[in-house]
Structure formats: C-alpha cells, structure tokens
>>> print(open('my_file12.csv').read())   # CSV, C-alpha atoms and all ligand atoms
chain,number,residue,atom,x,y,z
A,1,MET,CA,23.1,-9.7,-4.9
A,2,THR,CA,20.1,-11.3,-3.3
A,3,ALA,CA,18.1,-14.0,-5.1
A,4,PHE,CA,14.5,-13.3,-6.0
A,5,PHE,CA,12.8,-16.4,-4.5
A,6,ASN,CA,13.8,-19.6,-6.3
A,7,THR,CA,13.6,-18.0,-9.8
A,8,GLY,CA,17.3,-17.9,-10.5
A,9,LEU,CA,16.9,-14.2,-10.9
A,10,THR,CA,18.4,-11.6,-8.6
A,11,GLN,CA,16.0,-9.1,-7.1
A,12,GLN,CA,17.3,-6.4,-9.5
A,13,GLN,CA,16.9,-8.8,-12.5
A,14,PHE,CA,13.3,-9.3,-11.4
A,15,LEU,CA,12.8,-5.5,-11.3
A,16,ASP,CA,14.5,-5.0,-14.6
A,17,GLN,CA,12.7,-7.8,-16.5
A,18,TYR,CA,9.3,-8.2,-14.9
A,19,TRP,CA,8.3,-5.4,-12.5
A,20,GLN,CA,5.6,-3.3,-14.2
A,21,LYS,CA,6.3,-5.2,-17.5
A,22,LYS,CA,5.1,-8.8,-17.6
A,23,PRO,CA,3.7,-11.6,-15.4
A,24,LEU,CA,5.8,-14.2,-13.7
A,25,LEU,CA,4.7,-17.5,-12.3
A,26,ILE,CA,6.9,-18.7,-9.4
A,27,ARG,CA,6.3,-22.4,-8.5
A,28,GLN,CA,6.9,-23.0,-4.8
A,29,ALA,CA,8.1,-19.4,-4.1
A,30,PHE,CA,7.2,-20.3,-0.5
A,31,ALA,CA,8.1,-24.0,-0.2
A,32,ASN,CA,5.9,-26.2,2.1
A,33,PHE,CA,3.6,-23.1,2.6
A,34,GLU,CA,1.1,-23.4,5.4
A,35,SER,CA,-1.3,-20.6,5.9
A,36,PRO,CA,-0.8,-18.7,9.1
A,37,ILE,CA,-4.5,-18.1,9.3
A,38,SER,CA,-7.5,-20.4,8.8
A,39,PRO,CA,-10.7,-19.7,6.9
A,40,ASP,CA,-12.6,-19.5,10.2
A,41,GLU,CA,-10.1,-16.9,11.5
A,42,LEU,CA,-10.5,-14.9,8.3
A,43,ALA,CA,-14.3,-15.0,8.8
A,44,GLY,CA,-13.7,-13.8,12.4
A,45,LEU,CA,-11.8,-10.8,11.1
A,46,ALA,CA,-14.6,-10.1,8.7
A,47,SER,CA,-17.0,-9.9,11.6
A,48,GLU,CA,-15.1,-6.9,13.1
A,49,ALA,CA,-16.4,-3.4,12.5
A,50,ASP,CA,-12.9,-1.8,12.1
A,51,ILE,CA,-11.7,-4.4,9.5
A,52,GLU,CA,-12.5,-3.8,5.8
A,53,SER,CA,-14.1,-6.9,4.2
A,54,ARG,CA,-16.3,-7.9,1.3
A,55,LEU,CA,-18.4,-10.9,0.3
A,56,ILE,CA,-18.8,-11.4,-3.5
A,57,VAL,CA,-21.4,-13.9,-4.6
A,58,GLU,CA,-21.7,-15.0,-8.2
A,59,LYS,CA,-25.4,-15.5,-9.0
A,60,GLY,CA,-25.7,-18.1,-11.7
A,61,SER,CA,-25.4,-16.1,-14.9
A,62,ALA,CA,-22.0,-14.5,-15.6
A,63,SER,CA,-23.3,-11.0,-15.4
A,64,SER,CA,-24.8,-11.2,-11.9
A,65,TRP,CA,-22.5,-10.5,-9.0
A,66,GLN,CA,-23.6,-9.4,-5.6
A,67,VAL,CA,-21.2,-7.5,-3.4
A,68,SER,CA,-21.7,-6.8,0.3
A,69,HIS,CA,-19.5,-5.1,2.8
A,70,GLY,CA,-18.6,-6.3,6.3
A,71,PRO,CA,-18.8,-6.5,9.2
A,72,PHE,CA,-20.6,-9.9,8.7
A,73,SER,CA,-22.6,-11.9,11.2
A,74,ASP,CA,-22.6,-15.7,11.6
A,75,GLN,CA,-26.0,-15.7,9.9
A,76,ASP,CA,-24.5,-13.9,6.9
A,77,PHE,CA,-22.1,-16.9,6.5
A,78,THR,CA,-24.8,-19.5,7.2
A,79,ASP,CA,-26.9,-17.9,4.4
A,80,LEU,CA,-24.2,-18.3,1.8
A,81,PRO,CA,-24.6,-20.9,-1.0
A,82,LYS,CA,-22.3,-23.9,-1.0
A,83,SER,CA,-20.1,-22.6,-3.9
A,84,HIS,CA,-19.3,-19.6,-6.1
A,85,TRP,CA,-18.6,-17.0,-3.4
A,86,THR,CA,-15.5,-15.2,-2.1
A,87,LEU,CA,-14.7,-13.5,1.2
A,88,LEU,CA,-12.0,-10.8,0.9
A,89,VAL,CA,-10.3,-9.2,3.9
A,90,GLN,CA,-8.0,-6.2,3.5
A,91,ASP,CA,-4.9,-5.2,5.5
A,92,VAL,CA,-4.5,-8.5,7.3
A,93,ASP,CA,-0.8,-7.7,7.7
A,94,LYS,CA,-1.8,-4.9,10.1
A,95,HIS,CA,-4.6,-6.8,11.9
A,96,VAL,CA,-2.7,-10.1,12.4
A,97,PRO,CA,1.0,-9.5,13.1
A,98,GLU,CA,1.7,-13.2,12.6
A,99,THR,CA,1.2,-12.6,8.8
A,100,GLN,CA,3.8,-9.8,8.6
A,101,PRO,CA,6.8,-12.1,8.0
A,102,LEU,CA,5.2,-13.0,4.6
A,103,LEU,CA,6.0,-9.4,3.5
A,104,THR,CA,9.7,-9.6,4.5
A,105,PRO,CA,10.8,-11.0,1.1
A,106,PHE,CA,9.3,-7.9,-0.6
A,107,GLN,CA,11.4,-5.4,1.4
A,108,PHE,CA,13.6,-4.8,-1.6
A,109,ILE,CA,10.7,-2.7,-3.0
A,110,PRO,CA,10.2,0.7,-1.2
A,111,ASN,CA,7.8,0.3,1.7
A,112,TRP,CA,5.7,3.3,0.6
A,113,ARG,CA,4.9,1.4,-2.6
A,114,ARG,CA,3.3,-1.4,-0.6
A,115,ASP,CA,-0.4,-1.3,0.2
A,116,ASP,CA,-1.5,-4.4,2.1
A,117,LEU,CA,-1.9,-8.1,2.4
A,118,MET,CA,-5.4,-9.0,1.3
A,119,ILE,CA,-6.5,-12.5,2.0
A,120,SER,CA,-9.4,-14.2,0.3
A,121,TYR,CA,-11.3,-17.4,1.0
A,122,ALA,CA,-13.5,-19.1,-1.6
A,123,PRO,CA,-15.2,-22.5,-1.8
A,124,ILE,CA,-15.2,-24.4,-5.2
A,125,GLY,CA,-16.2,-22.0,-8.0
A,126,GLY,CA,-15.5,-18.9,-6.1
A,127,SER,CA,-14.2,-16.0,-8.1
A,128,VAL,CA,-14.3,-12.2,-8.3
A,129,GLY,CA,-14.6,-12.4,-12.0
A,130,PRO,CA,-12.1,-11.4,-14.8
A,131,HIS,CA,-10.8,-8.0,-13.9
A,132,THR,CA,-7.7,-5.7,-13.9
A,133,ASP,CA,-6.2,-3.9,-10.9
A,134,GLY,CA,-4.4,-0.6,-11.1
A,135,TYR,CA,-1.5,-1.9,-9.1
A,136,ASP,CA,1.2,-4.5,-9.1
A,137,VAL,CA,0.3,-7.6,-7.1
A,138,PHE,CA,1.8,-10.9,-6.0
A,139,LEU,CA,-0.9,-13.6,-5.7
A,140,LEU,CA,0.3,-16.2,-3.4
A,141,GLN,CA,-1.7,-19.4,-3.1
A,142,GLY,CA,-2.3,-20.1,0.6
A,143,LEU,CA,-4.7,-23.1,0.6
A,144,GLY,CA,-6.2,-25.4,-2.0
A,145,THR,CA,-5.9,-24.9,-5.8
A,146,ARG,CA,-6.9,-21.9,-7.9
A,147,LYS,CA,-7.0,-21.7,-11.7
A,148,TRP,CA,-5.6,-18.4,-12.9
A,149,GLN,CA,-6.2,-17.2,-16.4
A,150,VAL,CA,-4.0,-14.2,-17.3
A,151,THR,CA,-3.6,-11.8,-20.3
A,152,ASP,CA,-0.2,-11.1,-21.8
A,153,LYS,CA,-0.8,-7.4,-22.0
A,154,ALA,CA,-2.2,-4.5,-20.0
A,155,LEU,CA,-5.8,-3.8,-20.7
A,156,HIS,CA,-7.0,-0.3,-20.8
A,157,ASP,CA,-10.6,0.9,-21.5
A,158,THR,CA,-11.9,-2.7,-21.7
A,159,PRO,CA,-15.6,-2.7,-21.3
A,160,LEU,CA,-17.0,-3.7,-17.9
A,161,ILE,CA,-20.3,-5.5,-17.0
A,162,GLU,CA,-22.7,-2.7,-16.3
A,163,GLY,CA,-25.1,-2.4,-13.4
A,164,ILE,CA,-23.0,-4.2,-10.8
A,165,ASP,CA,-21.0,-2.9,-7.8
A,166,LEU,CA,-17.9,-4.7,-9.0
A,167,GLN,CA,-15.4,-4.1,-11.9
A,168,VAL,CA,-15.8,-7.3,-14.0
A,169,LEU,CA,-14.6,-7.3,-17.6
A,170,SER,CA,-17.4,-8.1,-20.0
A,171,GLU,CA,-14.9,-9.5,-22.5
A,172,PHE,CA,-11.9,-11.5,-21.4
A,173,GLU,CA,-9.4,-13.5,-23.5
A,174,HIS,CA,-6.6,-15.1,-21.6
A,175,ALA,CA,-3.1,-15.9,-23.0
A,176,ASP,CA,-2.0,-18.2,-20.2
A,177,GLU,CA,-3.7,-20.5,-17.7
A,178,TRP,CA,-2.1,-22.0,-14.6
A,179,LEU,CA,-3.2,-24.1,-11.6
A,180,LEU,CA,-1.6,-22.7,-8.5
A,181,ALA,CA,-1.0,-24.9,-5.4
A,182,PRO,CA,-0.1,-23.7,-1.9
A,183,GLY,CA,3.3,-21.8,-2.0
A,184,ASP,CA,3.0,-21.0,-5.8
A,185,MET,CA,2.9,-17.3,-6.5
A,186,LEU,CA,2.0,-15.2,-9.5
A,187,TYR,CA,3.3,-11.7,-10.1
A,188,LEU,CA,1.0,-9.4,-12.2
A,189,PRO,CA,1.9,-5.9,-13.4
A,190,PRO,CA,-0.8,-3.2,-13.2
A,191,HIS,CA,-3.8,-3.6,-15.6
A,192,PHE,CA,-3.1,-7.1,-16.7
A,193,GLY,CA,-6.4,-9.0,-17.0
A,194,HIS,CA,-6.7,-11.9,-14.6
A,195,HIS,CA,-9.4,-14.4,-13.6
A,196,GLY,CA,-8.9,-16.8,-10.7
A,197,VAL,CA,-11.4,-19.6,-9.9
A,198,ALA,CA,-11.3,-21.7,-6.8
A,199,MET,CA,-11.0,-25.4,-7.7
A,200,ASN,CA,-11.7,-26.4,-4.1
A,201,ASP,CA,-11.5,-24.7,-0.7
A,202,CYS,CA,-9.1,-22.0,-1.5
A,203,MET,CA,-7.2,-19.1,0.1
A,204,THR,CA,-5.3,-16.5,-1.9
A,205,PHE,CA,-2.9,-14.0,-0.4
A,206,SER,CA,-2.6,-10.8,-2.4
A,207,ILE,CA,0.5,-8.7,-1.7
A,208,GLY,CA,-0.7,-5.5,-3.3
A,209,PHE,CA,1.3,-2.4,-4.1
A,210,ARG,CA,0.1,1.2,-4.7
A,211,ALA,CA,1.2,4.3,-6.5
A,212,PRO,CA,-0.4,7.8,-6.4
A,213,LYS,CA,-2.4,8.8,-9.5
A,214,GLN,CA,-1.4,12.0,-11.4
A,215,THR,CA,-4.4,13.9,-10.0
A,216,GLU,CA,-3.6,12.7,-6.4
A,217,ALA,CA,0.0,13.9,-6.9
A,218,MET,CA,-1.1,17.3,-8.3
A,219,ASP,CA,-3.6,17.7,-5.5
A,220,ALA,CA,-0.8,17.0,-2.9
A,221,VAL,CA,1.6,19.5,-4.6
A,222,LEU,CA,-1.1,22.1,-4.7
A,223,ASN,CA,-1.9,21.7,-1.0
A,224,GLU,CA,1.8,22.0,-0.2
A,225,LEU,CA,2.3,25.1,-2.3
A,226,LEU,CA,-0.7,26.7,-0.6
A,227,GLU,CA,0.5,25.7,2.8
A,228,GLN,CA,4.0,27.2,2.1
A,229,GLY,CA,2.7,30.3,0.3
A,230,LEU,CA,4.6,29.4,-2.9
A,231,ALA,CA,3.9,29.6,-6.7
A,232,LYS,CA,2.0,32.9,-6.6
A,233,ARG,CA,2.8,34.0,-10.2
A,234,HIS,CA,-0.1,35.0,-12.4
A,235,TYR,CA,-0.8,33.9,-15.9
A,236,ASN,CA,1.4,36.1,-18.2
A,237,ASP,CA,1.3,37.0,-21.9
A,238,PRO,CA,4.1,39.4,-22.8
A,239,ASP,CA,3.7,38.5,-26.5
A,240,LEU,CA,-0.1,39.2,-26.6
A,241,GLN,CA,-1.3,39.9,-30.2
A,242,VAL,CA,-4.2,42.2,-31.1
A,243,VAL,CA,-7.4,40.1,-31.3
A,244,LYS,CA,-10.4,40.5,-33.6
A,245,HIS,CA,-13.0,38.8,-31.4
A,246,ASP,CA,-12.3,39.7,-27.8
A,247,HIS,CA,-14.4,36.8,-26.4
A,248,GLU,CA,-12.4,34.2,-28.2
A,249,ILE,CA,-9.9,32.0,-26.3
A,250,GLY,CA,-7.1,31.4,-28.8
A,251,PRO,CA,-4.5,28.6,-28.9
A,252,GLN,CA,-1.8,30.9,-27.6
A,253,ALA,CA,-3.7,31.3,-24.3
A,254,VAL,CA,-3.9,27.5,-23.9
A,255,GLU,CA,-0.1,27.4,-24.6
A,256,ASN,CA,0.5,30.1,-22.0
A,257,LEU,CA,-1.6,28.2,-19.4
A,258,LYS,CA,0.5,25.1,-20.1
A,259,GLN,CA,3.7,27.1,-19.6
A,260,LEU,CA,2.3,28.5,-16.3
A,261,LEU,CA,1.6,24.9,-15.1
A,262,HIS,CA,5.1,23.8,-16.1
A,263,GLN,CA,6.5,26.8,-14.1
A,264,THR,CA,4.3,25.8,-11.2
A,265,ILE,CA,5.9,22.3,-11.1
A,266,ASP,CA,9.4,23.9,-11.3
A,267,ASP,CA,8.5,26.3,-8.5
A,268,ALA,CA,7.4,23.3,-6.4
A,269,GLU,CA,10.8,21.6,-6.7
A,270,PRO,CA,11.8,22.5,-3.2
A,271,VAL,CA,8.7,21.0,-1.7
A,272,LEU,CA,8.4,17.9,-3.7
A,273,LEU,CA,10.1,15.7,-1.2
A,274,ASN,CA,7.9,17.0,1.5
A,275,THR,CA,4.8,16.5,-0.7
A,276,LEU,CA,5.7,12.9,-1.5
A,277,GLY,CA,6.6,12.0,2.1
A,278,LYS,CA,3.4,13.4,3.4
A,279,LEU,CA,1.2,11.9,0.6
A,280,VAL,CA,2.5,8.4,0.8
A,281,THR,CA,2.4,8.1,4.6
A,282,GLU,CA,-1.2,9.3,5.0
A,283,THR,CA,-3.2,6.9,7.0
A,284,LYS,CA,-5.5,4.7,4.9
A,285,PRO,CA,-9.1,6.0,5.6
A,286,SER,CA,-10.2,2.5,6.7
A,287,LEU,CA,-7.5,2.5,9.4
A,288,ILE,CA,-7.9,6.0,10.8
A,289,ASP,CA,-10.0,5.0,13.8
A,290,LEU,CA,-7.6,2.3,14.8
A,291,ALA,CA,-4.6,4.7,14.4
A,292,ASP,CA,-6.4,7.4,16.4
A,293,ALA,CA,-7.2,5.0,19.2
A,294,LEU,CA,-3.5,4.8,19.9
A,295,PHE,CA,-3.0,8.5,20.8
A,296,SER,CA,-1.5,8.8,24.3
A,297,GLU,CA,-0.4,11.5,26.8
A,298,SER,CA,2.7,13.5,25.9
A,299,ILE,CA,5.8,11.9,27.4
A,300,SER,CA,9.1,13.4,28.6
A,301,SER,CA,12.5,12.0,27.7
A,302,GLN,CA,13.0,11.1,31.4
A,303,GLU,CA,9.9,8.9,31.3
A,304,VAL,CA,11.0,7.3,28.0
A,305,MET,CA,14.4,6.5,29.6
A,306,LYS,CA,12.6,5.0,32.6
A,307,GLN,CA,10.5,2.7,30.5
A,308,PHE,CA,13.6,1.5,28.6
A,309,ASP,CA,15.3,0.9,31.9
A,310,GLN,CA,12.4,-1.3,32.9
A,311,GLY,CA,13.1,-3.5,29.9
A,312,ASP,CA,10.3,-2.2,27.7
A,313,THR,CA,10.8,-1.8,24.0
A,314,LEU,CA,9.0,0.3,21.4
A,315,GLN,CA,7.2,-1.4,18.5
A,316,LYS,CA,5.9,0.4,15.4
A,317,SER,CA,2.2,0.9,15.2
A,318,PRO,CA,0.8,-1.3,12.4
A,319,TYR,CA,-1.6,1.4,11.4
A,320,HIS,CA,0.9,4.3,10.9
A,321,ARG,CA,3.0,4.6,7.8
A,322,PHE,CA,6.6,5.7,8.2
A,323,ALA,CA,9.1,7.1,5.7
A,324,TRP,CA,12.3,9.1,6.0
A,325,ALA,CA,14.7,11.0,3.7
A,326,LYS,CA,18.1,12.5,4.2
A,327,ASN,CA,17.8,16.3,3.8
A,328,GLY,CA,21.0,18.3,3.8
A,329,MET,CA,22.8,18.0,7.2
A,330,GLY,CA,19.6,16.5,8.7
A,331,GLY,CA,16.6,14.6,7.6
A,332,ASP,CA,12.9,14.4,7.4
A,333,ILE,CA,10.7,11.8,9.1
A,334,PHE,CA,7.2,11.3,7.6
A,335,VAL,CA,4.6,9.6,9.7
A,336,ALA,CA,0.8,9.5,9.0
A,337,GLY,CA,0.9,12.5,6.6
A,338,GLU,CA,3.0,14.7,8.9
A,339,VAL,CA,6.6,15.7,8.5
A,340,TYR,CA,9.1,15.9,11.4
A,341,ARG,CA,12.2,17.9,10.4
A,342,LEU,CA,15.4,17.2,12.1
A,343,ALA,CA,17.9,19.9,11.2
A,344,GLN,CA,21.0,17.8,12.2
A,345,CYS,CA,20.5,14.1,12.1
A,346,GLN,CA,22.6,11.1,11.3
A,347,ARG,CA,21.3,8.6,8.8
A,348,GLU,CA,21.5,5.9,11.5
A,349,HIS,CA,19.2,7.8,13.7
A,350,LEU,CA,16.6,8.3,10.9
A,351,ILE,CA,16.8,4.5,10.4
A,352,LEU,CA,16.2,3.9,14.1
A,353,LEU,CA,13.3,6.3,14.2
A,354,ALA,CA,11.5,5.4,11.0
A,355,ASP,CA,12.8,2.3,9.3
A,356,ASN,CA,13.3,-0.5,11.9
A,357,PRO,CA,10.3,-2.2,13.4
A,358,GLU,CA,11.5,-1.9,17.0
A,359,ILE,CA,13.5,0.5,19.2
A,360,THR,CA,15.4,-1.2,22.0
A,361,GLN,CA,17.2,0.3,25.0
A,362,ARG,CA,20.5,-0.1,23.0
A,363,ASP,CA,19.0,2.0,20.2
A,364,TRP,CA,17.7,4.5,22.7
A,365,GLN,CA,21.2,4.9,24.1
A,366,GLN,CA,22.4,5.8,20.6
A,367,LEU,CA,19.5,8.1,19.9
A,368,SER,CA,19.7,9.9,23.2
A,369,SER,CA,23.0,11.7,22.1
A,370,GLU,CA,20.8,13.8,19.7
A,371,PRO,CA,18.2,16.0,21.4
A,372,GLU,CA,16.2,16.5,18.2
A,373,ALA,CA,15.9,12.7,17.8
A,374,VAL,CA,14.8,12.3,21.4
A,375,ALA,CA,12.2,15.1,21.0
A,376,THR,CA,10.8,13.5,17.8
A,377,LEU,CA,10.6,10.1,19.4
A,378,CYS,CA,8.6,11.6,22.4
A,379,LEU,CA,6.2,13.2,19.9
A,380,LEU,CA,5.8,10.0,17.9
A,381,ILE,CA,5.1,8.0,21.1
A,382,ALA,CA,2.3,10.5,22.0
A,383,GLU,CA,0.9,10.2,18.4
A,384,GLY,CA,0.6,6.5,19.0
A,385,ALA,CA,3.1,5.7,16.1
A,386,TRP,CA,5.5,4.0,18.5
A,387,LEU,CA,3.9,1.7,21.1
A,388,TRP,CA,5.4,0.4,24.3
A,389,GLN,CA,5.8,-3.3,24.6
A,390,THR,CA,6.5,-5.0,27.9
A,391,PRO,CA,8.4,-8.3,27.4
A,392,GLY,CA,5.8,-11.1,27.3
A,393,ASP,CA,3.0,-8.9,26.1
A,394,THR,CA,1.8,-8.7,22.5
A,395,ILE,CA,0.4,-5.7,20.5
A,396,ASN,CA,-3.2,-5.8,19.2
B,1,LIG,C1,-9.0,-13.2,-5.1
B,1,LIG,O1,-8.3,-13.4,-4.1
B,1,LIG,O2,-10.0,-13.9,-5.3
B,1,LIG,C2,-8.8,-12.1,-6.0
B,1,LIG,C3,-7.5,-11.5,-5.9
B,1,LIG,C4,-7.3,-10.6,-7.1
B,1,LIG,O3,-7.5,-10.9,-8.2
B,1,LIG,O4,-6.7,-9.5,-7.0
B,2,CO,CO,-7.1,-8.7,-9.0
>>> encode(input="my_file12.csv", output="structure tokens")
Amino acid sequence: MTAFFNTGLTQQQFLDQYWQKKPLLIRQAFANFESPISPDELAGLASEADIESRLIVEKGSASSWQVSHGPFSDQDFTDLPKSHWTLLVQDVDKHVPETQPLLTPFQFIPNWRRDDLMISYAPIGGSVGPHTDGYDVFLLQGLGTRKWQVTDKALHDTPLIEGIDLQVLSEFEHADEWLLAPGDMLYLPPHFGHHGVAMNDCMTFSIGFRAPKQTEAMDAVLNELLEQGLAKRHYNDPDLQVVKHDHEIGPQAVENLKQLLHQTIDDAEPVLLNTLGKLVTETKPSLIDLADALFSESISSQEVMKQFDQGDTLQKSPYHRFAWAKNGMGGDIFVAGEVYRLAQCQREHLILLADNPEITQRDWQQLSSEPEAVATLCLLIAEGAWLWQTPGDTIN
C-alpha cells in the first residue's frame, strides 16, 4: 500500500477519508520544493497565442476586479500596478514537459479525472478573490507565502459579486486559515470556498481535476445513441385513461416521460463505455490547434520498424488524451475523442499503446506480434498522438 505523501495515510485512506469530502493541509508534501519554472518564464508562456492565460487585477475596492485574457505583451506587464494582481497560466504540464513529474504522485487517481497543472504568479496582495471551483484541486505552494482561508463545507448557490467577469463570492466566512510555504500543499474538494492572498512574491501550482456534468454526460450518450442508431422507442401509454380536457398534460404523462428516459439509459448500457471513453479523451478546445499541428503522413509498419531500428522512440503527444478499457477478448483505445477497437488484444498491449508515456523498440517487438496493435499504432502516429523522438532531441 503506497503512502499518500508524508501524511501517514495510504493513498486509499486519503481517498476514503478526504477525496471529495473535506480539505487536507499537507505540510512539506514536496520537501525542499524548488519551482521548475520562474515567474519570468511563466510570463513568457503567457505571451504565446496558443497558451491560455489570464491577468486578474484587484482594483482597490473589494467588488472591482478586472480580468483580461492572454496573449500578453511586455507592455501589458509593465503597465501592471506593484501589487494586487495575479497571472494564471493553464495546462503548463503540457507546454513545459519539465513540470510533468509534479503530476506523478497523483497517478493513483484515474488519468481521465485530471485536468491540468495551472500555475499562478502574484506579487504581494495578489488574489483571485474568495471563490469555489467545481472540481477537486491540490494547491501546491511553489514560491513565497500565500495565506489561504478555507470553508469547512461545500458552498452551493452562494451569491457572487455582480457585474464582473470573474466568479467572486460576495459573502465569505472561512473556518480555517493557513500560511503555505514552498512545498506545502492544500487539497480542496469541489465547491469548498477558498481565498488565497499572496504575502510576498508568490507562485501557486494548482493540480486540477475534472468530471463531466450531468448534461454533458447526457449529451454524449445521446450523440452515441444517434450514431449507433439505438434507442428508437417512442413514448408509450398502454394505460391511457379517458381525459376530460384534451389539451391538458396530466401527471401520468410526465411519469411516462420519466419512464421513457430511464429506458433510454438502460438501452444505452452497451454504449456507455464507448461514450465515456470518447467524452473524457476529447481534446480541450484551447489545445485543439496545437494537437492538430501534429498530424503527419500515414505510415506503414515497415517504416515504423525502420525508425525503431534507427534507435528512435515514440513519445505521447502532450495535447492528446488517452484512455483504454478491456472489452471482451479485446480492448478499446480512446484517443482525442475517437475509439480504436481491437477485437483481440492483450491487456499488456493496451497498456503499451495507451498507458505508458513512451514506446521503445523493445515494446515494439512485443506489439508487432499483433497485427491489430501495429495497425492502430500506425494510425495513432499519423494522428500525431504518438511522436517520434530521436535520442538527444526534445519534444516541444
Ligand atoms: C491562484 O493560484 O491564485 C488561485 C488558485 C485557485 O484558487 O484555484
Ligand atoms: Co480556486
């Protein structure tokens, strides 16, 4: 059983006792932590058009916040006040591969639940205001000190400050307050109120998770049903009673509709795995251009073999999401919202194709015994989901 940082808990105990339930402060979760990225490098990322970034400036009174979206120029940074602002950059794990090892300790949580590593920089006083997030998050202090105030329960329907382009709670009462130093980390379940204020030059690393909303799940199921031509039953009412007013919709009709919807979910059972796999591997809209830029020519298995023979390896594209599932004698690989069905496939091959970060010549030798696995790999290389790397070169 693997330990969950230095908490004395196992990973499973953390999940049982804290995950989606209550906050946990972990002092020195990352001992002697040194940020792998400087504030200047973060500003450099925020100047790039393909990278999602925001600047949030607090303007004197508590109800005045100004939000602007990147890319930002040097002048934008020069024009900032000395204090009370925050720069936030999303998906740094994908843009700066050196930050990826920070996510390794979270691999005991399914990859598809993970969203990104967001990094913020703020001078003294910088804050994005008291707010809630819909997702689980680990807030790792990367530089300087931040004061965090946190509620002891999830907040739903709490009023927000009106008229600003930012979700800031208009009322906020905290239950706990902590000062976080580099290496300290705070876990927050979804919807717990939190307010972090920079005490000095401060960087916070947010390891954020995600989960589809009911309506997103229903929409994905509906699309899959339409694609597969399933769930074609009509509304039915074999117990229909004589009505007095024929324009009235009575409670029994609503009940029948509910039954029809339940039946639809039952009918969707055979396609739920497909639906989930496709939904959770869809490319994030802000990363689509970067993912599309990796498309390449179609490649034959002989060419693949030749590249491995030259000593090249394959590395997973940082912008494509991968998932897999065992399915009968074979398995499904999900990449960027598409499913690749392998009718006969060993679990080990699914892991090589969709779980590990790299495919080496040794892995290739193992895969090449299975024509379906080889064909899928060729397709994924052409999609840009697997990228060739020559020893000594780096991706990005
Ligand atoms: C921040 O880094 O300033 C905010 C992170 C968060 O509250 O989610
Ligand atoms: Co937050």
>>> atom_distance(input="my_file12.csv", atom1="CA of Asp16 (chain A)", atom2="CA of Leu188 (chain A)")
14.4 Å
>>> atom_distance(input="my_file12.csv", atom1="CA of Glu177 (chain A)", atom2="CA of Asp201 (chain A)")
19.2 Å
>>> atom_distance(input="my_file12.csv", atom1="CA of Ala29 (chain A)", atom2="CA of Gln100 (chain A)")
16.5 Å
>>> residues_near_ligand(input="my_file12.csv", ligand="ligand LIG 1 (chain B)", cutoff="10 Å", atoms="all atoms listed in the file", output="PyMOL selection string")
chain A and resi 56+85-89+118-122+126-133+135-141+146+148+188+193-198+202-208
>>> closest_residue(input="my_file12.csv", among="A:Trp178, A:Phe209, A:Trp364, A:Trp386", to="Ala291 (chain A)", atoms="all atoms listed in the file")
A:Trp386
>>> closest_residue(input="my_file12.csv", among="A:Gly331, A:Gly134, A:Gly142, A:Pro371", to="His156 (chain A)", atoms="only C-alpha atoms")
A:Gly134
>>> closest_residue(input="my_file12.csv", among="A:Ser73, A:Arg362, A:Gln20, A:Leu160", to="Asp309 (chain A)", atoms="only C-alpha atoms")
A:Arg362
>>> closest_residue(input="my_file12.csv", among="A:Phe108, A:Phe192, A:Tyr340, A:Phe295", to="ligand CO 2 (chain B)", atoms="only C-alpha atoms and all ligand atoms")
A:Phe192
>>> axis_aligned_box(input="my_file12.csv", around="region 218-234 of chain A", padding_each_side="8 Å", output="JSON")
{"center_x": 0.5, "center_y": 26.0, "center_z": -4.8, "size_x": 24.2, "size_y": 34.0, "size_z": 31.2}
>>> residues_near_point(input="my_file12.csv", point="(3.4, 30.7, -11.3)", cutoff="12 Å", atoms="only C-alpha atoms", output="list of chain:residue names")
A:Leu222, A:Leu225, A:Gly229, A:Leu230, A:Ala231, A:Lys232, A:Arg233, A:His234, A:Tyr235, A:Asn236, A:Asn256, A:Leu257, A:Lys258, A:Gln259, A:Leu260, A:Leu261, A:His262, A:Gln263, A:Thr264, A:Ile265, A:Asp266, A:Asp267, A:Ala268
>>> closest_residue(input="my_file12.csv", among="A:Gly337, A:Gly250, A:Pro189, A:Pro101", to="ligand CO 2 (chain B)", atoms="all atoms listed in the file")
A:Pro189
>>> decode(input="my_file12.csv", residues="region 334-369 of chain A", atoms="C-alpha atoms", output="PDB file, in the first residue's frame")
ATOM      1  CA  PHE A 334      -9.680   6.069 -26.808  1.00  0.00           C
ATOM      2  CA  VAL A 335      -7.639   8.962 -28.131  1.00  0.00           C
ATOM      3  CA  ALA A 336      -8.818  12.525 -28.693  1.00  0.00           C
ATOM      4  CA  GLY A 337     -12.500  11.586 -28.679  1.00  0.00           C
ATOM      5  CA  GLU A 338     -12.099   8.643 -31.089  1.00  0.00           C
ATOM      6  CA  VAL A 339     -12.326   4.945 -30.331  1.00  0.00           C
ATOM      7  CA  TYR A 340      -9.981   2.319 -31.800  1.00  0.00           C
ATOM      8  CA  ARG A 341     -11.428  -1.163 -31.349  1.00  0.00           C
ATOM      9  CA  LEU A 342      -9.043  -4.069 -31.163  1.00  0.00           C
ATOM     10  CA  ALA A 343     -11.060  -7.281 -31.357  1.00  0.00           C
ATOM     11  CA  GLN A 344      -8.267  -9.440 -29.939  1.00  0.00           C
ATOM     12  CA  CYS A 345      -5.835  -7.631 -27.738  1.00  0.00           C
ATOM     13  CA  GLN A 346      -3.871  -8.469 -24.649  1.00  0.00           C
ATOM     14  CA  ARG A 347      -4.049  -6.107 -21.698  1.00  0.00           C
ATOM     15  CA  GLU A 348      -0.247  -5.595 -21.925  1.00  0.00           C
ATOM     16  CA  HIS A 349      -0.610  -4.285 -25.461  1.00  0.00           C
ATOM     17  CA  LEU A 350      -3.354  -1.858 -24.471  1.00  0.00           C
ATOM     18  CA  ILE A 351      -1.043  -0.587 -21.748  1.00  0.00           C
ATOM     19  CA  LEU A 352       1.809  -0.148 -24.238  1.00  0.00           C
ATOM     20  CA  LEU A 353      -0.419   1.681 -26.719  1.00  0.00           C
ATOM     21  CA  ALA A 354      -2.345   3.938 -24.365  1.00  0.00           C
ATOM     22  CA  ASP A 355      -0.962   3.994 -20.825  1.00  0.00           C
ATOM     23  CA  ASN A 356       2.823   4.279 -20.868  1.00  0.00           C
ATOM     24  CA  PRO A 357       4.411   7.619 -21.808  1.00  0.00           C
ATOM     25  CA  GLU A 358       6.871   6.043 -24.259  1.00  0.00           C
ATOM     26  CA  ILE A 359       7.135   3.171 -26.757  1.00  0.00           C
ATOM     27  CA  THR A 360      10.624   1.769 -27.190  1.00  0.00           C
ATOM     28  CA  GLN A 361      11.969  -0.728 -29.697  1.00  0.00           C
ATOM     29  CA  ARG A 362      11.541  -3.433 -27.065  1.00  0.00           C
ATOM     30  CA  ASP A 363       7.855  -2.529 -26.670  1.00  0.00           C
ATOM     31  CA  TRP A 364       7.535  -2.525 -30.465  1.00  0.00           C
ATOM     32  CA  GLN A 365       8.898  -6.062 -30.656  1.00  0.00           C
ATOM     33  CA  GLN A 366       6.176  -7.108 -28.230  1.00  0.00           C
ATOM     34  CA  LEU A 367       3.450  -5.191 -30.094  1.00  0.00           C
ATOM     35  CA  SER A 368       4.457  -6.390 -33.535  1.00  0.00           C
ATOM     36  CA  SER A 369       3.168  -9.915 -32.803  1.00  0.00           C
TER      37      SER A 369
END
